[in-house]
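Pasted below: entry.cif, mmCIF, C-alpha atoms.
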data_data
loop_
_atom_site.label_atom_id
_atom_site.label_comp_id
_atom_site.auth_asym_id
_atom_site.auth_seq_id
_atom_site.Cartn_x
_atom_site.Cartn_y
_atom_site.Cartn_z
CA MET L 1 163.36 84.74 -64.56
CA LEU L 2 165.33 87.44 -62.70
CA PRO L 3 162.78 87.79 -59.88
CA TRP L 4 163.05 84.06 -59.20
CA THR L 5 166.84 84.30 -59.23
CA ALA L 6 166.42 86.96 -56.55
CA VAL L 7 164.22 84.62 -54.49
CA LEU L 8 166.90 81.94 -54.74
CA ALA L 9 169.62 84.45 -53.82
CA ARG L 10 167.56 85.60 -50.83
CA LEU L 11 167.12 82.04 -49.61
CA ILE L 12 170.78 81.07 -50.06
CA VAL L 13 172.36 84.21 -48.58
CA GLY L 14 169.67 84.59 -45.90
CA GLY L 15 169.83 80.90 -45.04
CA VAL L 16 173.61 80.98 -44.60
CA TRP L 17 173.35 84.06 -42.36
CA VAL L 18 170.64 82.46 -40.21
CA TYR L 19 172.71 79.28 -39.88
CA ALA L 20 175.92 81.17 -39.03
CA GLY L 21 174.18 83.49 -36.57
CA ALA L 22 172.17 80.78 -34.83
CA LEU L 23 175.28 78.65 -34.21
CA LYS L 24 177.07 81.53 -32.51
CA VAL L 25 174.33 83.47 -30.74
CA GLY L 26 174.30 81.29 -27.62
CA ASP L 27 178.03 81.56 -26.94
CA PRO L 28 179.21 85.17 -27.11
CA GLU L 29 182.60 84.46 -25.49
CA SER L 30 183.39 81.97 -28.23
CA SER L 31 182.39 84.55 -30.83
CA VAL L 32 184.63 87.16 -29.18
CA ALA L 33 187.51 84.66 -29.17
CA ALA L 34 186.93 83.93 -32.87
CA VAL L 35 187.06 87.65 -33.76
CA ARG L 36 190.12 88.18 -31.58
CA ALA L 37 191.87 85.24 -33.25
CA TYR L 38 192.20 87.40 -36.39
CA GLN L 39 194.34 89.86 -34.36
CA LEU L 40 193.13 92.58 -36.67
CA LEU L 41 190.76 94.92 -34.83
CA PRO L 42 191.75 96.91 -31.74
CA THR L 43 191.05 94.60 -28.76
CA GLY L 44 188.15 96.65 -27.38
CA LEU L 45 186.45 96.83 -30.76
CA ALA L 46 186.99 93.10 -31.36
CA ASP L 47 185.09 92.41 -28.15
CA THR L 48 182.09 94.48 -29.27
CA VAL L 49 182.11 93.07 -32.80
CA GLY L 50 182.25 89.53 -31.42
CA ARG L 51 179.22 90.16 -29.24
CA VAL L 52 177.12 91.97 -31.87
CA LEU L 53 177.93 89.83 -34.91
CA PRO L 54 175.87 86.69 -34.15
CA MET L 55 172.63 88.62 -33.58
CA LEU L 56 173.33 90.90 -36.55
CA GLU L 57 173.85 87.88 -38.79
CA LEU L 58 170.65 86.30 -37.54
CA VAL L 59 168.58 89.45 -38.20
CA ILE L 60 170.07 90.01 -41.66
CA GLY L 61 169.38 86.38 -42.52
CA VAL L 62 165.79 86.39 -41.34
CA CYS L 63 165.07 89.66 -43.21
CA LEU L 64 166.61 88.39 -46.44
CA VAL L 65 164.63 85.16 -46.26
CA LEU L 66 161.46 87.17 -45.69
CA GLY L 67 162.40 89.72 -48.34
CA LEU L 68 162.31 92.68 -45.95
CA LEU L 69 164.40 95.70 -47.06
CA THR L 70 166.13 93.39 -49.50
CA ARG L 71 168.21 96.08 -51.17
CA VAL L 72 169.45 97.69 -47.94
CA LEU L 73 170.23 94.40 -46.19
CA GLY L 74 171.73 92.92 -49.34
CA GLY L 75 174.10 95.89 -49.15
CA VAL L 76 174.90 95.26 -45.48
CA SER L 77 175.43 91.59 -46.29
CA ALA L 78 177.83 92.50 -49.11
CA VAL L 79 179.81 94.83 -46.82
CA LEU L 80 180.13 92.10 -44.18
CA GLN L 81 181.28 89.57 -46.77
CA ILE L 82 183.94 92.02 -47.96
CA ALA L 83 185.07 92.45 -44.33
CA PHE L 84 185.28 88.66 -43.87
CA ILE L 85 187.25 88.23 -47.10
CA ILE L 86 189.70 90.89 -45.96
CA GLY L 87 189.96 89.15 -42.57
CA ILE L 88 190.67 85.73 -44.02
CA ALA L 89 193.09 87.08 -46.62
CA SER L 90 194.89 88.95 -43.86
CA VAL L 91 195.40 85.94 -41.55
CA TRP L 92 196.43 83.89 -44.58
CA ALA L 93 199.01 86.52 -45.54
CA ARG L 94 200.32 86.77 -41.96
CA GLY L 95 200.61 82.99 -41.61
CA ILE L 96 198.13 82.80 -38.73
CA GLU L 97 196.47 79.37 -38.79
CA ILE L 98 192.93 79.59 -37.42
CA ASN L 99 189.49 78.29 -38.22
CA CYS L 100 187.57 81.19 -39.72
CA GLY L 101 184.99 81.06 -36.93
CA CYS L 102 182.34 81.65 -39.56
CA PHE L 103 180.08 78.98 -38.12
CA GLY L 104 181.08 79.11 -34.49
CA ASP L 105 184.15 76.94 -34.94
CA GLY L 106 186.88 79.45 -34.18
CA GLY L 107 190.17 78.12 -32.91
CA PRO L 108 193.66 77.19 -33.93
CA ASN L 109 193.86 74.83 -36.88
CA PRO L 110 197.23 73.66 -38.19
CA ASP L 111 195.61 72.84 -41.54
CA ALA L 112 194.01 76.26 -41.94
CA SER L 113 196.07 77.50 -44.88
CA SER L 114 194.58 74.85 -47.15
CA GLN L 115 191.07 75.96 -46.10
CA TYR L 116 191.53 79.68 -46.69
CA PRO L 117 191.10 79.60 -50.50
CA TRP L 118 187.81 77.71 -50.16
CA GLU L 119 186.54 80.02 -47.46
CA ILE L 120 187.36 83.04 -49.59
CA ALA L 121 185.69 81.41 -52.61
CA ARG L 122 182.55 80.74 -50.56
CA ASP L 123 182.48 84.34 -49.33
CA LEU L 124 183.01 85.64 -52.87
CA GLY L 125 180.00 83.61 -53.98
CA LEU L 126 177.87 85.01 -51.16
CA LEU L 127 179.20 88.49 -51.96
CA ALA L 128 178.10 88.10 -55.60
CA LEU L 129 174.60 87.01 -54.56
CA SER L 130 174.39 89.92 -52.08
CA VAL L 131 175.39 92.40 -54.77
CA PHE L 132 172.79 90.86 -57.09
CA LEU L 133 170.16 91.60 -54.42
CA VAL L 134 171.28 95.22 -54.28
CA VAL L 135 170.99 95.55 -58.05
CA ARG L 136 167.79 93.50 -58.50
CA PRO L 137 166.00 93.36 -55.16
CA SER L 138 162.58 92.73 -56.70
CA SER L 139 161.29 89.26 -55.98
CA PRO L 140 157.99 87.50 -55.36
CA TYR L 141 157.05 86.26 -51.88
CA SER L 142 158.71 89.22 -50.23
CA VAL L 143 157.55 91.52 -47.45
CA ASP L 144 158.87 94.39 -49.56
CA ARG L 145 156.06 93.85 -52.08
CA VAL L 146 153.52 94.29 -49.31
CA LEU L 147 155.21 97.30 -47.70
CA PHE L 148 156.32 99.13 -50.84
CA PRO L 149 153.97 98.06 -53.63
CA ASP L 150 154.60 101.24 -55.66
CA LEU L 151 158.37 101.29 -55.59
CA PRO L 152 159.71 100.71 -59.11
CA GLU L 153 162.59 98.50 -57.94
CA VAL L 154 160.26 96.38 -55.82
CA ARG L 155 157.24 96.18 -58.14
CA ASP L 156 157.03 93.12 -60.29
CA VAL L 157 158.35 93.86 -63.75
CA PRO L 158 155.38 93.43 -66.11
CA ALA L 159 155.72 90.48 -68.43
CA GLU L 160 156.70 91.19 -72.01
CA PRO L 161 153.62 91.51 -74.23
CA MET A 1 146.16 136.99 -69.58
CA SER A 2 146.23 135.16 -72.86
CA GLN A 3 144.65 131.80 -73.38
CA GLN A 4 148.05 130.22 -73.83
CA ASN A 5 149.40 131.73 -70.66
CA ARG A 6 146.47 130.44 -68.64
CA GLU A 7 146.96 126.97 -70.12
CA SER A 8 150.58 126.76 -69.14
CA HIS A 9 149.78 128.10 -65.71
CA ARG A 10 147.28 125.31 -65.23
CA THR A 11 149.75 122.61 -66.34
CA GLU A 12 152.36 124.04 -63.99
CA LYS A 13 149.91 123.89 -61.14
CA ALA A 14 148.99 120.29 -61.95
CA ALA A 15 152.63 119.35 -62.14
CA ALA A 16 153.26 120.97 -58.78
CA VAL A 17 150.38 119.06 -57.19
CA GLN A 18 151.66 115.84 -58.68
CA ALA A 19 155.21 116.54 -57.51
CA ALA A 20 153.95 117.27 -54.02
CA ALA A 21 152.03 114.00 -53.96
CA ALA A 22 155.07 112.08 -55.20
CA ARG A 23 157.23 113.77 -52.61
CA LYS A 24 154.78 112.91 -49.88
CA GLN A 25 154.70 109.29 -50.99
CA ARG A 26 158.47 109.16 -51.13
CA ASN A 27 158.80 110.70 -47.67
CA GLY A 28 156.33 108.13 -46.38
CA ARG A 29 158.42 105.34 -47.85
CA ILE A 30 161.63 106.74 -46.41
CA ALA A 31 159.97 107.02 -43.00
CA LEU A 32 158.85 103.40 -43.28
CA VAL A 33 162.35 102.19 -44.27
CA VAL A 34 163.95 104.17 -41.45
CA GLY A 35 161.33 102.89 -39.03
CA VAL A 36 161.96 99.26 -39.99
CA LEU A 37 165.73 99.78 -39.75
CA VAL A 38 165.36 101.28 -36.27
CA VAL A 39 163.29 98.28 -35.18
CA LEU A 40 165.86 95.86 -36.63
CA GLY A 41 168.67 97.77 -34.93
CA ALA A 42 166.78 97.54 -31.65
CA VAL A 43 166.32 93.78 -32.11
CA VAL A 44 170.08 93.34 -32.72
CA ALA A 45 170.92 95.51 -29.70
CA ALA A 46 168.40 93.76 -27.44
CA GLY A 47 169.51 90.31 -28.56
CA THR A 48 173.17 91.20 -28.07
CA TRP A 49 172.43 92.66 -24.64
CA ALA A 50 170.32 89.71 -23.50
CA GLY A 51 172.69 87.05 -24.78
CA SER A 52 175.97 88.82 -24.15
CA GLY A 53 176.57 86.85 -20.96
CA LYS A 54 179.05 89.49 -19.90
CA SER A 55 180.56 88.65 -16.55
CA LYS A 56 178.37 89.80 -13.72
CA VAL A 57 181.22 89.21 -11.30
CA ASP A 58 183.68 92.10 -11.28
CA PRO A 59 187.39 91.34 -11.61
CA GLY A 60 188.71 90.05 -8.31
CA ASP A 61 185.26 89.93 -6.73
CA TYR A 62 185.44 87.03 -4.34
CA SER A 63 183.49 88.28 -1.32
CA GLY A 64 183.27 85.50 1.17
CA ILE A 65 185.37 82.95 -0.69
CA ALA A 66 188.21 81.26 1.15
CA THR A 67 191.60 81.67 -0.52
CA ALA A 68 194.89 79.87 -0.19
CA VAL A 69 198.25 80.68 -1.71
CA THR A 70 200.75 78.02 -2.77
CA ALA A 71 204.27 78.42 -4.16
CA SER A 72 202.93 78.99 -7.68
CA SER A 73 199.16 79.06 -7.57
CA LEU A 74 196.10 80.68 -6.04
CA LYS A 75 193.23 78.60 -4.65
CA LEU A 76 189.63 79.73 -4.19
CA GLY A 77 186.97 77.94 -2.22
CA PRO A 78 187.21 75.55 0.73
CA ALA A 79 189.88 72.86 0.67
CA ASP A 80 187.24 70.23 1.45
CA ALA A 81 184.99 71.16 -1.49
CA PRO A 82 183.54 68.09 -3.26
CA VAL A 83 184.97 69.09 -6.64
CA LYS A 84 188.47 70.37 -7.40
CA VAL A 85 189.28 72.24 -10.57
CA VAL A 86 192.89 73.09 -11.45
CA ILE A 87 193.30 75.48 -14.37
CA TYR A 88 196.69 75.68 -16.10
CA GLU A 89 196.72 78.85 -18.13
CA ASP A 90 199.08 81.21 -19.90
CA PHE A 91 198.24 84.91 -19.52
CA LEU A 92 198.77 85.34 -23.28
CA CYS A 93 196.73 82.33 -24.43
CA PRO A 94 193.54 83.43 -26.23
CA TYR A 95 191.55 80.32 -25.35
CA CYS A 96 192.52 80.67 -21.69
CA ARG A 97 190.97 84.11 -21.96
CA GLN A 98 187.81 82.56 -23.39
CA LEU A 99 187.76 79.94 -20.62
CA GLU A 100 188.17 82.64 -17.98
CA ALA A 101 185.46 84.87 -19.46
CA SER A 102 183.07 81.92 -19.69
CA THR A 103 183.68 80.35 -16.27
CA ARG A 104 184.37 83.25 -13.94
CA ASP A 105 180.76 83.79 -12.80
CA PHE A 106 180.06 80.08 -12.45
CA LEU A 107 183.22 79.17 -10.55
CA ARG A 108 183.14 82.16 -8.21
CA GLU A 109 179.51 81.55 -7.31
CA ASN A 110 180.10 77.88 -6.64
CA ALA A 111 183.35 78.50 -4.76
CA ALA A 112 181.41 80.90 -2.52
CA LYS A 113 178.84 78.16 -1.90
CA GLY A 114 181.61 75.74 -1.01
CA LYS A 115 180.85 73.45 -3.95
CA VAL A 116 184.18 73.77 -5.72
CA GLU A 117 187.81 74.55 -5.05
CA VAL A 118 189.41 76.35 -7.97
CA GLU A 119 193.17 76.53 -8.40
CA TYR A 120 194.59 79.04 -10.86
CA ARG A 121 197.99 77.85 -12.03
CA PRO A 122 199.71 80.24 -14.43
CA VAL A 123 202.31 78.71 -16.73
CA ASN A 124 204.66 80.29 -19.22
CA ILE A 125 204.45 78.29 -22.44
CA LEU A 126 204.03 81.08 -25.00
CA THR A 127 207.58 82.27 -25.36
CA SER A 128 207.71 83.87 -28.80
CA SER A 129 207.35 87.18 -27.01
CA THR A 130 208.38 88.19 -23.50
CA TYR A 131 204.88 89.27 -22.48
CA SER A 132 203.70 85.95 -21.03
CA ALA A 133 206.75 85.69 -18.76
CA ARG A 134 206.54 89.35 -17.73
CA ALA A 135 202.86 89.08 -16.89
CA MET A 136 203.39 85.88 -14.91
CA ASN A 137 206.35 87.31 -13.04
CA THR A 138 204.39 90.38 -12.03
CA TRP A 139 201.51 88.18 -10.91
CA ALA A 140 203.99 86.09 -8.87
CA ALA A 141 205.20 89.25 -7.14
CA VAL A 142 201.65 90.21 -6.21
CA LEU A 143 200.86 86.67 -5.05
CA ALA A 144 203.91 86.64 -2.79
CA HIS A 145 203.80 90.19 -1.43
CA ALA A 146 200.19 91.40 -1.51
CA ALA A 147 196.76 90.17 -0.48
CA PRO A 148 195.29 87.13 -2.30
CA THR A 149 192.40 89.39 -3.38
CA ALA A 150 194.89 91.55 -5.27
CA ALA A 151 196.37 88.48 -6.97
CA LEU A 152 192.90 87.29 -7.94
CA LYS A 153 191.95 90.69 -9.31
CA LEU A 154 195.21 90.99 -11.23
CA HIS A 155 194.62 87.51 -12.68
CA ASP A 156 191.18 88.62 -13.93
CA LEU A 157 192.45 91.96 -15.22
CA LEU A 158 195.36 90.37 -17.10
CA PHE A 159 192.93 88.18 -19.01
CA GLU A 160 190.44 90.98 -19.65
CA ASN A 161 193.23 93.19 -20.99
CA GLN A 162 195.08 90.45 -22.84
CA PRO A 163 197.02 91.73 -25.86
CA TYR A 164 197.19 89.89 -29.18
CA GLU A 165 200.05 87.40 -29.51
CA GLN A 166 201.50 89.08 -32.60
CA ASN A 167 202.07 92.43 -30.86
CA ALA A 168 202.17 91.33 -27.23
CA ASP A 169 205.44 93.09 -26.54
CA GLU A 170 203.86 96.44 -27.28
CA THR A 171 202.31 95.97 -23.84
CA THR A 172 205.01 97.38 -21.58
CA ASP A 173 205.89 96.61 -17.97
CA ALA A 174 204.34 99.96 -17.12
CA ASP A 175 201.05 98.81 -18.69
CA ILE A 176 201.14 95.67 -16.55
CA LEU A 177 201.99 97.67 -13.44
CA ALA A 178 198.98 99.90 -14.14
CA LEU A 179 196.84 96.77 -13.79
CA VAL A 180 198.65 95.91 -10.56
CA GLU A 181 197.72 99.32 -9.24
CA LYS A 182 194.12 98.77 -10.32
CA ALA A 183 194.17 95.45 -8.52
CA GLY A 184 195.41 97.12 -5.33
CA GLY A 185 198.68 95.23 -5.26
CA ASP A 186 201.10 98.08 -5.91
CA ASN A 187 203.03 98.11 -2.65
CA ALA A 188 206.80 98.69 -2.47
CA GLU A 189 207.66 95.02 -2.01
CA VAL A 190 205.64 93.99 -5.05
CA LEU A 191 207.20 96.70 -7.21
CA ALA A 192 210.69 95.67 -6.09
CA ALA A 193 210.03 91.95 -6.62
CA ALA A 194 208.51 92.50 -10.07
CA LYS A 195 211.81 93.90 -11.34
CA THR A 196 213.60 90.55 -11.43
CA GLN A 197 212.34 87.19 -12.59
CA ASP A 198 211.20 85.00 -9.72
CA ALA A 199 213.19 81.86 -10.53
CA ALA A 200 211.59 79.84 -7.73
CA PHE A 201 208.09 80.60 -8.99
CA PHE A 202 208.98 79.80 -12.60
CA THR A 203 210.57 76.51 -11.56
CA ALA A 204 207.58 75.54 -9.41
CA SER A 205 205.20 76.42 -12.24
CA ALA A 206 207.19 74.47 -14.83
CA TRP A 207 207.47 71.52 -12.49
CA ALA A 208 203.71 71.45 -11.91
CA ALA A 209 203.13 71.62 -15.65
CA SER A 210 205.51 68.78 -16.46
CA SER A 211 204.09 66.65 -13.65
CA ILE A 212 200.78 66.43 -15.54
CA GLY A 213 202.43 66.25 -18.98
CA LEU A 214 201.13 69.65 -20.02
CA THR A 215 201.29 70.21 -23.78
CA GLY A 216 199.07 73.25 -24.22
CA THR A 217 196.81 75.71 -22.50
CA PRO A 218 194.19 75.91 -21.22
CA THR A 219 194.53 72.54 -19.53
CA VAL A 220 192.07 71.66 -16.82
CA VAL A 221 192.43 68.93 -14.23
CA LEU A 222 189.04 68.00 -12.87
CA ASP A 223 189.11 65.99 -9.64
CA GLY A 224 192.57 64.73 -10.49
CA GLN A 225 191.66 63.82 -14.05
CA LYS A 226 193.29 65.78 -16.85
CA LEU A 227 190.86 66.76 -19.59
CA ASP A 228 192.54 65.92 -22.87
CA GLY A 229 191.59 66.71 -26.44
CA LEU A 230 188.56 68.83 -25.59
CA SER A 231 187.57 72.17 -27.09
CA VAL A 232 187.17 75.13 -24.75
CA GLU A 233 183.38 74.75 -24.96
CA GLN A 234 183.65 71.07 -24.00
CA ILE A 235 185.98 71.87 -21.08
CA ILE A 236 183.49 74.45 -19.82
CA SER A 237 180.56 72.07 -19.95
CA ALA A 238 182.59 69.28 -18.32
CA ILE A 239 183.39 71.61 -15.40
CA GLU A 240 179.79 72.77 -15.10
CA LYS A 241 178.43 69.21 -15.13
CA LYS A 242 180.90 68.00 -12.53
CA VAL A 243 180.31 70.89 -10.17
CA ALA A 244 176.53 70.60 -10.55
CA ALA A 245 176.71 66.87 -9.83
CA GLY A 246 178.71 67.65 -6.71
CA SER A 247 181.50 65.07 -7.10
#

Exercise: express the given structure as structure tokens:
Amino acid sequence: MLPWTAVLARLIVGGVWVYAGALKVGDPESSVAAVRAYQLLPTGLADTVGRVLPMLELVIGVCLVLGLLTRVLGGVSAVLQIAFIIGIASVWARGIEINCGCFGDGGPNPDASSQYPWEIARDLGLLALSVFLVVRPSSPYSVDRVLFPDLPEVRDVPAEP
Amino acid sequence: MSQQNRESHRTEKAAAVQAAAARKQRNGRIALVVGVLVVLGAVVAAGTWAGSGKSKVDPGDYSGIATAVTASSLKLGPADAPVKVVIYEDFLCPYCRQLEASTRDFLRENAAKGKVEVEYRPVNILTSSTYSARAMNTWAAVLAHAAPTAALKLHDLLFENQPYEQNADETTDADILALVEKAGGDNAEVLAAAKTQDAAFFTASAWAASSIGLTGTPTVVLDGQKLDGLSVEQIISAIEKKVAAGS
């Protein structure tokens, strides 16, 4: 049962990353503006993060869907989700009303405060699934099983006799 | 050597061989993981590099473009260009920054080809800090007392170095003047004029803004038609389509 839960987690988390990354990857200036809208990182760093994030999200997503380095990338995914939660909580606390820019829709939004709890809830859900993949990365239909067939945490757990 | 001793020696040896094999396998796995991570990192870096779309045109680069200076704006490109783009922008407005970063290459190239006349019209609508007014006033001083190239470069540099709204006033007049120097507009007249607010410029700017019923920035007027209710991305593509169509 657990390995199939991991497959589902991979598809959900990976799918969301691919979707988020693909929407943003063609418009780096919009991504930079979305990161800057949080007014959190030093301006130079915000620029770099805005440019790197879409491609990073895309690669993490594709790898998770394929089951490549599931544990490592599940960890990276969890760290990013924590960063996003901190970001959203921080603009919420400071009364800055913006779209989260999660799916390439950054910008001012007068109704943002009512969205923040849902966005945080969504990210908490994705965080939980990412952490699950760190704890139980083993899953069928994964590249990991081809590359690391002998690794205990990757190998299929033998069925109970 | 006793029988027992020899036995334990043999087991030790076997254990050592096994440990070495396990270590070798583990090292192989680590190498594979690191290798895959390096490849993934390279993919992210290459994709970011290829798609970054970072401006190829340096700030203020306008070689060969005609310029004209009005009471409160700077025009690029020939006056008889088939398409006219007027950009109302606040130096502190984040989406004006995005518009500038996304359109600079396109508009400069097409202004150089004579296909578009671009008018940069700074306005001061973000007044919760003094930064926007200070930046605009300094730009006005450069526009009035230095070369148009310096005003253009300062315009680009102000957007590239835009502070966040919430701590905009941490950017001092000295910081802004450093950009003026970088733009090549730091002559004595400019420095003297920048010290006091240019009431005539501010009035002209506000009048231009109210004449089109400006409610926010960036606002773009494309061939006399104000683009309303569009996102920055939609404004950009409207400009690009119009200029490509040639009228």

- [ ] For the file shown, report as a VMD selection string the outcome of the PyMOL selection byres ((chain L) within 10 of (chain A)) at residue level.
- [x] chain L and resid 25 to 34 36 to 44 48 50 to 60 63 68 to 69 72 to 73 94 96 105 107 to 108 147 to 148 150 to 151

Task: Neighbour list for Ala144 (chain A) as an MDAnalysis selection string, cut-off 9 Å, all atoms listed in the file, skip fewer than 3 positions in-chain - done: chainID A and resid 69 71 139:141 147:148 151 190 193

Could you list the residues chosen by the PyMOL selection byres ((chain A and resi 120-134) around 7) in this structure as a CSV table (one decimal) with C-alpha atoms, keeping the file's coordinate frame?
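Output contents, as saved in selection_4.csv:
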chain,number,residue,atom,x,y,z
A,72,SER,CA,202.9,79.0,-7.7
A,73,SER,CA,199.2,79.1,-7.6
A,74,LEU,CA,196.1,80.7,-6.0
A,75,LYS,CA,193.2,78.6,-4.6
A,86,VAL,CA,192.9,73.1,-11.4
A,87,ILE,CA,193.3,75.5,-14.4
A,88,TYR,CA,196.7,75.7,-16.1
A,89,GLU,CA,196.7,78.8,-18.1
A,90,ASP,CA,199.1,81.2,-19.9
A,91,PHE,CA,198.2,84.9,-19.5
A,92,LEU,CA,198.8,85.3,-23.3
A,118,VAL,CA,189.4,76.4,-8.0
A,119,GLU,CA,193.2,76.5,-8.4
A,135,ALA,CA,202.9,89.1,-16.9
A,136,MET,CA,203.4,85.9,-14.9
A,137,ASN,CA,206.4,87.3,-13.0
A,138,THR,CA,204.4,90.4,-12.0
A,168,ALA,CA,202.2,91.3,-27.2
A,169,ASP,CA,205.4,93.1,-26.5
A,205,SER,CA,205.2,76.4,-12.2
A,206,ALA,CA,207.2,74.5,-14.8

Open item on the list: So the first atom is CA of Glu97 (chain L) and the second is CA of Pro117 (chain L); what is the distance between them in Å, to one decimal place?
Closed with: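 Interatomic distance, CA of Glu97 (chain L) to CA of Pro117 (chain L): 12.9 Å.
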
Task: Residues selected by the PyMOL selection byres ((chain L and resi 88) around 8), written as a list in words - done: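 Matching residues under the PyMOL selection byres ((chain L and resi 88) around 8) are Tyr38, Phe84, Ile85, Ile86, Gly87, Ala89, Ser90, Val91, Trp92, Cys100, Tyr116, Glu119 and Ile120 of chain L.
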
- [ ] Report the distance between CA of Cys102 (chain L) and CA of Val62 (chain L) in Å, rounded to one decimal place.
- [x]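 These atoms are spaced 17.3 Å apart.
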
Open item on the list: Taking only C-alpha atoms into account, name the residue in A:Glu7, A:Glu109, A:Asp58, A:Glu117 that is nearest to Ala81 (chain A).
Closed with: A:Glu117

Task: Residue nearest Glu189 (chain A) among A:Leu152, A:Leu158, A:Gln225, A:Val142 (counting only C-alpha atoms) - done: A:Val142
